[in-house]
2 protein chains.
Amino acid sequence: MIEIKTKPTPEPTLRRLPKYLQLLALLKEQNIEEVSSTVIANELGLDPTQVRKDIQYTGIEGKPKTGFITTELIKSIRSFLNWDNITDAFLVGAGSLGTAMLGYDRFKQHGVNFVAAFDNDPAKIGEFIHGVPVLSTDKLTNLTSRMKVHIGVLTVPAPAAQALANMMIEGGIQAIWNFAPTHIKVPENIIVENAQLSHSLAVITRKLTEYNFNLGDNLYDFTI
Amino acid sequence: MIEIKTKPTPEPTLRRLPKYLQLLALLKEQNIEEVSSTVIANELGLDPTQVRKDIQYTGIEGKPKTGFITTELIKSIRSFLNWDNITDAFLVGAGSLGTAMLGYDRFKQHGVNFVAAFDNDPAKIGEFIHGVPVLSTDKLTNLTSRMKVHIGVLTVPAPAAQALANMMIEGGIQAIWNFAPTHIKVPENIIVENAQLSHSLAVITRKLTEYNFNLGDNLYDFTI
DNA sequence: CTTTAATAGTGAAAAATTTCTCGATATGTC
DNA sequence: GACATATCGAGAAATTTTTCACTATTAAAG
């Protein structure tokens, strides 16, 4: 008996893979046909071994001395992330952030296709935003299950977030991309990816403080 | 001689601290005066020790059996993140995402104050978006240095990102919050926080794939 | 054809982060 | 006032992630 256990991919790796894609797109534009981990690492300020290990997760093999074929590497990463298939998604909350996201062309390159947006504002319901129909949140649960949508993007104010998340979960959603500035509680089997601005901002504001405190170095020595 | 070396705060900790603030705001609303690491951990699905260690970075002390005083804990975290001071910031790129960010009230709670936006679209220059004046990107370098602005938010298309980042750096910017879907190269002493949607999306789409592949468990055994 | 240089791939080491264990202390109860 | 209980704080252990060291392979130069 052979037992194969698939380890989940480390999250840090998943967050770096799109960076490689961004760079690879530039290289492809310049008709650079081969690329090595070393080049990617130098370009992005990372360690070459780390890049190589990240790439290995996607299953592609490189050749010593030359590295990887640019177009194949792109394919491999995109396929690994499932960005070469179209996945339907709902957007919940058609405010300014939600509207910006509906108009964000780039999602198409990542396989995300917004089939409907939901809002509770009667003025918005029935309208189309960037070609996507805005529906009443009343229909959220029902449509999630009927259309078998697996990704829900939550761009609503904090107080509304949990209830709307629950509705999607009831409808069988598998993953919630949470932009609402609040924590949402979900069953274990639901994937939640938090994309709150504040999380990211905290890194900046604290690092700025530490940086200015330490005057350009992470070490601050003083003598008494 | 006593030598004190300040270690930088781990990034994972910085990203969790705002989560605690979100929860603490809810507890405060409910007039809950004391809160323990255990409660926070349970509420957010984290480990109590981890919560305690994160909180310790902010310098506050708790009491056995009861925990922390809610309002003081909020103060401590906010102060640690420097969210109790107002920091001026520039927004570069007044597109739909940029506009959404200028209208995002919540930044005031985090001490971020947009003093100007920059764009190269003549139709936008001279206008005000959510009360913030839109200026020509020609003035970016000069104003960054004259106004001593330390945070620049980059919400432009990929091809424009590097040049505009360079202009801010030339003007003496210290931190760039990069929403442009591309990597930007900066000198070592500049803080770059990448907030690209694609990084976050990759986690979702891959996890969905792994989840569906493994049918609800991270282990998939089969026998030959 | 041999030598040199660059890189993939692998396993080990190191570093960072998370989780566990335990003693000390505060709160409330019998 | 003694006792049970919950939590903090600190150090140790475990886990995860990154980096290092080495071998094998390929391409190109001499």
# chains A, B, ... in the order shown; residues from 1 in each chain; ligands from 1

call {"tool": "closest_atom_pairs", "arguments": {"of": "chain A", "to": "chain D", "cutoff": "9 Å", "atoms": "only C-alpha atoms (C1' of nucleotides)", "output": "JSON lines"}}
result
{"residue": "A:Pro10", "atom": "CA", "partner": "D:DT17", "partner_atom": "C1'", "distance": 8.6}
{"residue": "A:Pro12", "atom": "CA", "partner": "D:DT17", "partner_atom": "C1'", "distance": 8.4}
{"residue": "A:Asp47", "atom": "CA", "partner": "D:DT19", "partner_atom": "C1'", "distance": 7.8}
{"residue": "A:Thr49", "atom": "CA", "partner": "D:DT19", "partner_atom": "C1'", "distance": 7.8}
{"residue": "A:Gln50", "atom": "CA", "partner": "D:DT18", "partner_atom": "C1'", "distance": 7.2}
{"residue": "A:Lys63", "atom": "CA", "partner": "D:DT26", "partner_atom": "C1'", "distance": 7.1}
{"residue": "A:Pro64", "atom": "CA", "partner": "D:DT26", "partner_atom": "C1'", "distance": 5.4}
{"residue": "A:Lys65", "atom": "CA", "partner": "D:DT26", "partner_atom": "C1'", "distance": 5.7}
{"residue": "A:Thr66", "atom": "CA", "partner": "D:DT26", "partner_atom": "C1'", "distance": 7.9}

call {"tool": "interface_residues", "arguments": {"of": "chain C", "to": "chain B", "cutoff": "12 Å", "atoms": "only C-alpha atoms (C1' of nucleotides)", "output": "MDAnalysis selection string"}}
result
chainID C and resid 16:21 24:28

call {"tool": "write_last_selection", "arguments": {"atoms": "N, CA and C atoms (P, O5', C5', C4', C3', O3' and C1' of nucleotides)", "output": "CSV table (one decimal), in the first residue's frame"}}
result
chain,number,residue,atom,x,y,z
C,16,DA,P,15.3,35.6,12.7
C,16,DA,O5',13.8,35.2,12.6
C,16,DA,C5',13.2,35.0,11.3
C,16,DA,C4',11.9,34.3,11.5
C,16,DA,C3',11.0,35.1,12.5
C,16,DA,O3',9.7,35.4,11.8
C,16,DA,C1',11.0,32.8,13.0
C,17,DT,P,8.6,36.2,12.5
C,17,DT,O5',7.6,35.1,13.0
C,17,DT,C5',7.0,34.2,12.1
C,17,DT,C4',6.3,33.1,12.9
C,17,DT,C3',5.3,33.6,13.9
C,17,DT,O3',4.0,33.3,13.4
C,17,DT,C1',6.6,31.8,14.7
C,18,DT,P,2.7,33.5,14.4
C,18,DT,O5',2.6,32.1,15.1
C,18,DT,C5',2.5,30.9,14.3
C,18,DT,C4',2.4,29.7,15.2
C,18,DT,C3',1.2,29.8,16.2
C,18,DT,O3',0.5,28.6,16.0
C,18,DT,C1',3.3,29.2,17.3
C,19,DT,P,-0.8,28.3,16.9
C,19,DT,O5',-0.3,27.4,18.1
C,19,DT,C5',0.3,26.1,17.7
C,19,DT,C4',0.9,25.5,19.0
C,19,DT,C3',-0.1,25.3,20.1
C,19,DT,O3',-0.2,23.9,20.4
C,19,DT,C1',1.9,26.2,20.9
C,20,DC,P,-1.1,23.4,21.6
C,20,DC,O5',-0.1,23.1,22.8
C,20,DC,C5',1.1,22.3,22.5
C,20,DC,C4',2.0,22.3,23.7
C,20,DC,C3',1.3,22.0,25.1
C,20,DC,O3',2.0,20.9,25.7
C,20,DC,C1',2.7,24.0,25.3
C,21,DT,P,1.5,20.3,27.0
C,21,DT,O5',2.4,21.0,28.2
C,21,DT,C5',3.8,21.1,28.0
C,21,DT,C4',4.4,21.8,29.3
C,21,DT,C3',3.6,21.5,30.6
C,21,DT,O3',4.5,21.1,31.6
C,21,DT,C1',3.8,23.8,30.3
C,24,DA,P,6.1,29.8,42.2
C,24,DA,O5',5.2,31.1,41.8
C,24,DA,C5',5.8,32.1,40.9
C,24,DA,C4',4.9,33.2,40.7
C,24,DA,C3',4.2,33.7,42.0
C,24,DA,O3',4.2,35.1,41.9
C,24,DA,C1',2.5,33.0,40.5
C,25,DT,P,3.5,36.0,43.2
C,25,DT,O5',2.1,36.3,42.6
C,25,DT,C5',2.0,37.0,41.4
C,25,DT,C4',0.5,37.2,41.1
C,25,DT,C3',-0.3,37.7,42.3
C,25,DT,O3',-1.2,38.7,41.8
C,25,DT,C1',-1.4,35.9,41.4
C,26,DA,P,-1.6,40.0,42.8
C,26,DA,O5',-3.2,40.1,42.5
C,26,DA,C5',-3.6,40.4,41.2
C,26,DA,C4',-4.9,39.7,40.9
C,26,DA,C3',-6.1,40.1,41.8
C,26,DA,O3',-7.1,40.7,41.1
C,26,DA,C1',-5.9,37.7,41.6
C,27,DT,P,-8.4,41.4,41.7
C,27,DT,O5',-9.5,40.3,41.7
C,27,DT,C5',-10.0,39.8,40.5
C,27,DT,C4',-10.9,38.6,40.8
C,27,DT,C3',-12.0,39.0,41.8
C,27,DT,O3',-13.3,38.9,41.1
C,27,DT,C1',-11.1,36.8,42.2
C,28,DG,P,-14.6,39.4,41.8
C,28,DG,O5',-15.3,38.1,42.3
C,28,DG,C5',-15.5,37.0,41.4
C,28,DG,C4',-15.7,35.7,42.2
C,28,DG,C3',-16.8,35.8,43.2
C,28,DG,O3',-17.7,34.7,43.0
C,28,DG,C1',-14.9,34.8,44.1

call {"tool": "select_by_dssp", "arguments": {"residues": "range 34-178 of chain A", "states": "helix (DSSP H, G or I)", "output": "PyMOL selection string"}}
result
chain A and resi 37-44+48-57+70-80+96-102+105-110+137-147+158-170

call {"tool": "residues_around", "arguments": {"residues": "Arg146 in chain A", "least_positions_apart": "2", "cutoff": "12 Å", "atoms": "only C-alpha atoms (C1' of nucleotides)", "output": "NGL selection string"}}
result
:A and (139-144 or 148-150 or 168 or 170-173)

call {"tool": "atom_distance", "arguments": {"atom1": "CA of Val192 in chain B", "atom2": "CA of Val153 in chain B"}}
result
10.0 Å

call {"tool": "atom_distance", "arguments": {"atom1": "CA of Thr71 in chain A", "atom2": "C1' of DT7 in chain C"}}
result
18.7 Å

call {"tool": "select_by_dssp", "arguments": {"residues": "range 32-196 of chain A", "states": "strand (DSSP E or B)", "output": "ChimeraX atom specification"}}
result
/A:34-35,63,67-69,87-92,112-119,128-129,132-136,151-154,175-178,191-194

call {"tool": "residues_around", "arguments": {"residues": "Pro157 in chain A", "least_positions_apart": "4", "cutoff": "8 Å", "atoms": "only C-alpha atoms (C1' of nucleotides)", "output": "ChimeraX atom specification"}}
result
/A:161,180-181

call {"tool": "write_last_selection", "arguments": {"atoms": "C-alpha atoms", "output": "PDB file, in the first residue's frame"}}
result
ATOM      1  CA  ALA A 161     -21.034  41.590   7.484  1.00  0.00           C
ATOM      2  CA  ALA A 180     -15.584  44.324   5.736  1.00  0.00           C
ATOM      3  CA  PRO A 181     -13.720  45.886   8.642  1.00  0.00           C
TER       4      PRO A 181
END

call {"tool": "residues_around", "arguments": {"residues": "Ala41 in chain A", "least_positions_apart": "4", "cutoff": "12 Å", "atoms": "only C-alpha atoms (C1' of nucleotides)", "output": "JSON, numbers by chain"}}
result
{"A": [16, 19, 20, 23, 24, 35, 36, 37, 45, 46, 47, 48, 49, 50, 51, 52, 53, 54, 55]}

call {"tool": "atom_distance", "arguments": {"atom1": "CA of Ser145 in chain A", "atom2": "CA of Ile169 in chain A"}}
result
9.3 Å

call {"tool": "residues_around", "arguments": {"residues": "Thr209 in chain A", "least_positions_apart": "5", "cutoff": "12 Å", "atoms": "only C-alpha atoms (C1' of nucleotides)", "output": "PyMOL selection string"}}
result
(chain A and resi 202-204+214-216+218) or (chain B and resi 6+8-9+79-83+85+87+150-151+174-175+191)

call {"tool": "closest_residue", "arguments": {"among": "A:Glu43, A:Asp138, A:Asp121, A:Glu29", "to": "chain B", "atoms": "only C-alpha atoms"}}
result
A:Glu43

call {"tool": "decode", "arguments": {"residues": "range 2-19 of chain D", "atoms": "N, CA and C atoms (P, O5', C5', C4', C3', O3' and C1' of nucleotides)", "output": "mmCIF file, in the first residue's frame"}}
result
data_model
loop_
_atom_site.group_PDB
_atom_site.id
_atom_site.type_symbol
_atom_site.label_atom_id
_atom_site.label_comp_id
_atom_site.auth_asym_id
_atom_site.auth_seq_id
_atom_site.Cartn_x
_atom_site.Cartn_y
_atom_site.Cartn_z
ATOM 1 P P DA D 2 -5.944 30.576 56.379
ATOM 2 O "O5'" DA D 2 -6.530 29.360 55.538
ATOM 3 C "C5'" DA D 2 -7.198 28.284 56.218
ATOM 4 C "C4'" DA D 2 -8.050 27.520 55.223
ATOM 5 C "C3'" DA D 2 -7.267 26.876 54.069
ATOM 6 O "O3'" DA D 2 -7.815 25.595 53.814
ATOM 7 C "C1'" DA D 2 -8.881 28.367 53.192
ATOM 8 P P DC D 3 -7.219 24.658 52.655
ATOM 9 O "O5'" DC D 3 -8.188 24.975 51.429
ATOM 10 C "C5'" DC D 3 -9.592 24.717 51.564
ATOM 11 C "C4'" DC D 3 -10.270 24.916 50.228
ATOM 12 C "C3'" DC D 3 -9.497 24.334 49.034
ATOM 13 O "O3'" DC D 3 -10.391 23.646 48.177
ATOM 14 C "C1'" DC D 3 -9.969 26.627 48.649
ATOM 15 P P DA D 4 -9.867 22.722 47.003
ATOM 16 O "O5'" DA D 4 -10.619 23.334 45.738
ATOM 17 C "C5'" DA D 4 -12.027 23.589 45.813
ATOM 18 C "C4'" DA D 4 -12.416 24.503 44.663
ATOM 19 C "C3'" DA D 4 -11.850 24.078 43.296
ATOM 20 O "O3'" DA D 4 -12.877 24.211 42.323
ATOM 21 C "C1'" DA D 4 -11.188 26.309 43.792
ATOM 22 P P DT D 5 -12.609 23.837 40.815
ATOM 23 O "O5'" DT D 5 -12.318 25.273 40.169
ATOM 24 C "C5'" DT D 5 -13.302 26.308 40.293
ATOM 25 C "C4'" DT D 5 -12.813 27.525 39.530
ATOM 26 C "C3'" DT D 5 -12.191 27.202 38.169
ATOM 27 O "O3'" DT D 5 -12.729 28.099 37.218
ATOM 28 C "C1'" DT D 5 -10.734 28.566 39.416
ATOM 29 P P DA D 6 -12.658 27.800 35.647
ATOM 30 O "O5'" DA D 6 -11.988 29.141 35.105
ATOM 31 C "C5'" DA D 6 -12.516 30.400 35.498
ATOM 32 C "C4'" DA D 6 -11.448 31.440 35.296
ATOM 33 C "C3'" DA D 6 -10.736 31.328 33.949
ATOM 34 O "O3'" DA D 6 -10.840 32.578 33.285
ATOM 35 C "C1'" DA D 6 -9.152 31.451 35.729
ATOM 36 P P DT D 7 -10.315 32.798 31.813
ATOM 37 O "O5'" DT D 7 -8.937 33.520 32.046
ATOM 38 C "C5'" DT D 7 -8.906 34.771 32.734
ATOM 39 C "C4'" DT D 7 -7.480 35.091 33.097
ATOM 40 C "C3'" DT D 7 -6.521 35.072 31.918
ATOM 41 O "O3'" DT D 7 -6.088 36.386 31.659
ATOM 42 C "C1'" DT D 7 -5.582 34.047 33.846
ATOM 43 P P DC D 8 -5.194 36.746 30.398
ATOM 44 O "O5'" DC D 8 -3.834 37.181 31.110
ATOM 45 C "C5'" DC D 8 -3.853 38.162 32.142
ATOM 46 C "C4'" DC D 8 -2.547 38.107 32.914
ATOM 47 C "C3'" DC D 8 -1.319 38.347 32.053
ATOM 48 O "O3'" DC D 8 -0.516 39.349 32.658
ATOM 49 C "C1'" DC D 8 -1.094 36.290 33.254
ATOM 50 P P DG D 9 0.536 40.159 31.771
ATOM 51 O "O5'" DG D 9 1.839 39.264 31.960
ATOM 52 C "C5'" DG D 9 2.336 39.071 33.267
ATOM 53 C "C4'" DG D 9 3.450 38.046 33.246
ATOM 54 C "C3'" DG D 9 4.449 38.219 32.102
ATOM 55 O "O3'" DG D 9 5.738 38.224 32.681
ATOM 56 C "C1'" DG D 9 3.672 35.979 32.193
ATOM 57 P P DA D 10 7.048 38.530 31.813
ATOM 58 O "O5'" DA D 10 7.807 37.121 31.815
ATOM 59 C "C5'" DA D 10 7.882 36.372 33.021
ATOM 60 C "C4'" DA D 10 8.466 35.006 32.712
ATOM 61 C "C3'" DA D 10 9.505 35.022 31.594
ATOM 62 O "O3'" DA D 10 10.594 34.217 31.974
ATOM 63 C "C1'" DA D 10 7.821 33.448 31.109
ATOM 64 P P DG D 11 11.968 34.261 31.127
ATOM 65 O "O5'" DG D 11 12.223 32.726 30.825
ATOM 66 C "C5'" DG D 11 12.031 31.767 31.877
ATOM 67 C "C4'" DG D 11 11.747 30.430 31.239
ATOM 68 C "C3'" DG D 11 12.734 30.063 30.123
ATOM 69 O "O3'" DG D 11 13.215 28.752 30.373
ATOM 70 C "C1'" DG D 11 10.509 29.835 29.370
ATOM 71 P P DA D 12 14.109 27.977 29.268
ATOM 72 O "O5'" DA D 12 13.108 26.870 28.709
ATOM 73 C "C5'" DA D 12 12.331 26.085 29.634
ATOM 74 C "C4'" DA D 12 11.565 25.039 28.851
ATOM 75 C "C3'" DA D 12 12.386 24.321 27.794
ATOM 76 O "O3'" DA D 12 12.016 22.947 27.790
ATOM 77 C "C1'" DA D 12 10.584 25.456 26.751
ATOM 78 P P DA D 13 12.638 21.947 26.705
ATOM 79 O "O5'" DA D 13 11.451 21.806 25.651
ATOM 80 C "C5'" DA D 13 10.152 21.380 26.105
ATOM 81 C "C4'" DA D 13 9.215 21.338 24.914
ATOM 82 C "C3'" DA D 13 9.757 20.551 23.720
ATOM 83 O "O3'" DA D 13 8.748 19.630 23.321
ATOM 84 C "C1'" DA D 13 9.092 22.725 23.033
ATOM 85 P P DA D 14 8.941 18.667 22.073
ATOM 86 O "O5'" DA D 14 8.104 19.433 20.964
ATOM 87 C "C5'" DA D 14 6.729 19.725 21.205
ATOM 88 C "C4'" DA D 14 6.189 20.478 20.015
ATOM 89 C "C3'" DA D 14 6.462 19.814 18.670
ATOM 90 O "O3'" DA D 14 5.227 19.747 17.977
ATOM 91 C "C1'" DA D 14 7.155 22.090 18.626
ATOM 92 P P DT D 15 5.110 18.944 16.589
ATOM 93 O "O5'" DT D 15 4.987 20.158 15.564
ATOM 94 C "C5'" DT D 15 4.043 21.201 15.823
ATOM 95 C "C4'" DT D 15 4.360 22.367 14.933
ATOM 96 C "C3'" DT D 15 4.569 21.984 13.462
ATOM 97 O "O3'" DT D 15 3.517 22.595 12.740
ATOM 98 C "C1'" DT D 15 6.180 23.579 14.212
ATOM 99 P P DT D 16 3.345 22.339 11.151
ATOM 100 O "O5'" DT D 16 3.975 23.689 10.581
ATOM 101 C "C5'" DT D 16 3.526 24.942 11.116
ATOM 102 C "C4'" DT D 16 4.415 26.029 10.572
ATOM 103 C "C3'" DT D 16 4.613 25.987 9.061
ATOM 104 O "O3'" DT D 16 4.248 27.257 8.588
ATOM 105 C "C1'" DT D 16 6.698 26.226 10.162
ATOM 106 P P DT D 17 4.154 27.602 7.015
ATOM 107 O "O5'" DT D 17 5.548 28.314 6.763
ATOM 108 C "C5'" DT D 17 5.844 29.518 7.468
ATOM 109 C "C4'" DT D 17 7.276 29.900 7.214
ATOM 110 C "C3'" DT D 17 7.675 29.926 5.735
ATOM 111 O "O3'" DT D 17 7.980 31.265 5.418
ATOM 112 C "C1'" DT D 17 9.335 28.868 7.084
ATOM 113 P P DT D 18 8.672 31.682 4.018
ATOM 114 O "O5'" DT D 18 10.212 31.656 4.408
ATOM 115 C "C5'" DT D 18 10.671 32.494 5.466
ATOM 116 C "C4'" DT D 18 12.170 32.305 5.655
ATOM 117 C "C3'" DT D 18 12.995 32.587 4.397
ATOM 118 O "O3'" DT D 18 13.979 33.538 4.766
ATOM 119 C "C1'" DT D 18 13.602 30.494 5.344
ATOM 120 P P DT D 19 15.026 34.106 3.645
ATOM 121 O "O5'" DT D 19 16.305 33.175 3.878
ATOM 122 C "C5'" DT D 19 16.947 33.201 5.144
ATOM 123 C "C4'" DT D 19 18.021 32.125 5.184
ATOM 124 C "C3'" DT D 19 19.067 32.240 4.062
ATOM 125 O "O3'" DT D 19 20.330 32.351 4.704
ATOM 126 C "C1'" DT D 19 18.317 30.004 4.316
#
